[in-house]
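Source file: input_24.txt (compact mmCIF, C-alpha atoms)
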# COMPACT_ATOMS: atom_id res chain seq x y z
CA MET A 1 27.39 8.95 -61.70
CA PRO A 2 25.67 11.19 -59.15
CA ALA A 3 26.58 10.41 -55.57
CA ALA A 4 23.91 8.61 -53.56
CA ASN A 5 24.23 7.89 -49.86
CA VAL A 6 23.63 4.16 -49.65
CA SER A 7 25.85 3.58 -46.63
CA ASN A 8 23.03 2.32 -44.41
CA VAL A 9 22.29 -0.86 -46.34
CA ASN A 10 21.04 -3.55 -43.97
CA GLN A 11 22.82 -6.74 -44.98
CA GLN A 12 22.30 -8.56 -41.69
CA PRO A 13 19.81 -11.44 -41.65
CA GLY A 14 16.75 -11.43 -39.43
CA ARG A 15 16.05 -7.73 -39.76
CA THR A 16 18.59 -6.69 -37.15
CA CYS A 17 20.06 -3.20 -36.85
CA SER A 18 23.59 -2.98 -38.22
CA ARG A 19 24.37 -0.17 -35.76
CA CYS A 20 23.19 -1.53 -32.39
CA SER A 21 22.12 -5.11 -33.31
CA GLY A 22 18.59 -4.34 -32.13
CA TYR A 23 15.76 -6.53 -33.40
CA ASP A 24 12.90 -4.04 -33.34
CA LEU A 25 12.96 -2.57 -36.86
CA ILE A 26 9.90 -0.61 -37.95
CA GLU A 27 8.93 -0.08 -41.59
CA CYS A 28 9.08 3.59 -42.59
CA GLU A 29 9.96 5.90 -45.45
CA THR A 30 12.99 8.15 -45.71
CA THR A 31 14.35 10.90 -47.93
CA THR A 32 17.87 11.37 -49.30
CA SER A 33 19.61 13.43 -51.94
CA ILE A 34 21.92 12.71 -54.83
CA TRP A 35 24.15 15.17 -56.62
CA SER A 36 24.91 15.54 -60.31
CA GLY A 37 27.74 18.04 -60.50
CA GLU A 38 26.59 21.09 -58.55
CA LYS A 39 22.91 20.13 -58.76
CA PRO A 40 21.14 18.27 -55.92
CA TYR A 41 18.17 15.97 -56.45
CA VAL A 42 15.89 14.93 -53.58
CA ILE A 43 14.57 11.37 -53.54
CA GLU A 44 11.61 10.92 -51.24
CA ARG A 45 9.37 8.09 -50.06
CA ILE A 46 12.22 5.55 -50.01
CA PRO A 47 11.12 2.35 -48.25
CA ALA A 48 13.28 1.80 -45.18
CA LEU A 49 13.49 0.31 -41.71
CA ARG A 50 14.02 2.40 -38.56
CA CYS A 51 15.52 0.85 -35.44
CA ALA A 52 13.27 1.46 -32.43
CA THR A 53 16.33 1.31 -30.16
CA CYS A 54 18.82 3.70 -31.78
CA SER A 55 16.71 5.35 -34.57
CA GLU A 56 19.14 4.30 -37.31
CA VAL A 57 17.41 4.26 -40.71
CA LEU A 58 18.35 1.32 -42.92
CA ILE A 59 17.52 0.32 -46.46
CA ASP A 60 17.72 -3.13 -48.01
CA CYS A 61 20.00 -4.19 -50.88
CA GLU A 62 17.18 -4.04 -53.45
CA THR A 63 16.35 -0.45 -52.48
CA ALA A 64 20.06 0.47 -52.69
CA GLU A 65 20.16 -0.92 -56.23
CA THR A 66 17.07 1.10 -57.15
CA LEU A 67 18.76 4.25 -55.79
CA LYS A 68 21.77 3.50 -57.99
CA GLN A 69 19.47 3.12 -61.00
CA ILE A 70 17.83 6.45 -60.18
CA GLY A 71 21.32 7.99 -60.08
CA HIS A 72 22.01 6.69 -63.58
CA GLU A 73 18.65 8.06 -64.80
CA VAL A 74 19.41 11.48 -63.30
CA LEU A 75 22.82 11.48 -65.00
CA ASN A 76 21.04 10.86 -68.31
CA GLY A 77 18.56 13.70 -67.74
CA GLY A 78 15.56 11.68 -66.60
CA MET A 79 13.51 10.98 -63.46
CA THR A 80 12.79 14.58 -62.42
CA GLY A 81 9.44 15.45 -60.95
CA ARG A 82 8.44 18.58 -59.12
CA LYS A 83 11.04 21.18 -58.18
CA ILE A 84 11.73 22.94 -54.89
CA GLU A 85 13.79 25.99 -54.06
CA VAL A 86 16.59 25.42 -51.55
CA PRO A 87 18.26 28.29 -49.68
CA VAL A 88 22.07 28.17 -49.60
CA ILE A 89 23.93 29.39 -46.51
CA THR A 90 27.69 29.90 -46.49
CA PHE A 91 29.34 28.89 -43.23
CA PRO A 92 31.03 31.94 -41.64
CA ALA A 93 34.81 32.24 -41.95
CA SER A 94 36.78 30.86 -39.05
CA ALA A 95 38.41 33.27 -36.60
CA PHE A 96 41.55 31.10 -36.38
Just give me the structure of the file as structure tokens.
Amino acid sequence: MPAANVSNVNQQPGRTCSRCSGYDLIECETTTSIWSGEKPYVIERIPALRCATCSEVLIDCETAETLKQIGHEVLNGGMTGRKIEVPVITFPASAF
């Protein structure tokens, strides 16, 4: 299955931030990417919550499940919309 970053799932009750325990979470949208082999896919307009205190962006369990379903769809060749071109930069060799 393509890798999806779903590490910021908010499982704490009362809409508290799992990073700083702040209570002021603001509804927002976020963007992430998943990879299928060497090919990245951008997922945009993901419903999320942003902590007004520390700016951590969190998603709920239902959204995480939807992202997993999208990953399965991508693996099976579906769910693609518009395409963008992404420049690739190779990090310079270390002088060590």
Item checked: Point-to-point distance from CA of Cys61 in chain A to CA of Ile26 in chain A, Å rounded to tenths ->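 Separation of CA of Cys61 in chain A and CA of Ile26 in chain A: 16.8 Å.
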* To do: Please provide the set of residues having any atom within 6 Å of range 21-25 of chain A, restricted to only C-alpha atoms, with same-chain residues fewer than 6 positions apart removed, written as a list in words.
  =>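 Here the qualifying residues turn out to be Leu49, Arg50, Cys51 and Ala52 of chain A.
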Residues within 12 Å of (19.3, 6.7, -61.9), file coordinates, counting only C-alpha atoms: what are they? Give the list as a VMD selection string.
chain A and resid 1 to 4 34 to 36 41 43 64 to 80
re CA of Ile46 in chain A and CA of Gly81 in chain A: distance 15.0 Å
Subject >> Interatomic distance (Å, one decimal) between CA of Arg45 in chain A and CA of Val57 in chain A >> reply: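 Separation of CA of Arg45 in chain A and CA of Val57 in chain A: 12.9 Å.
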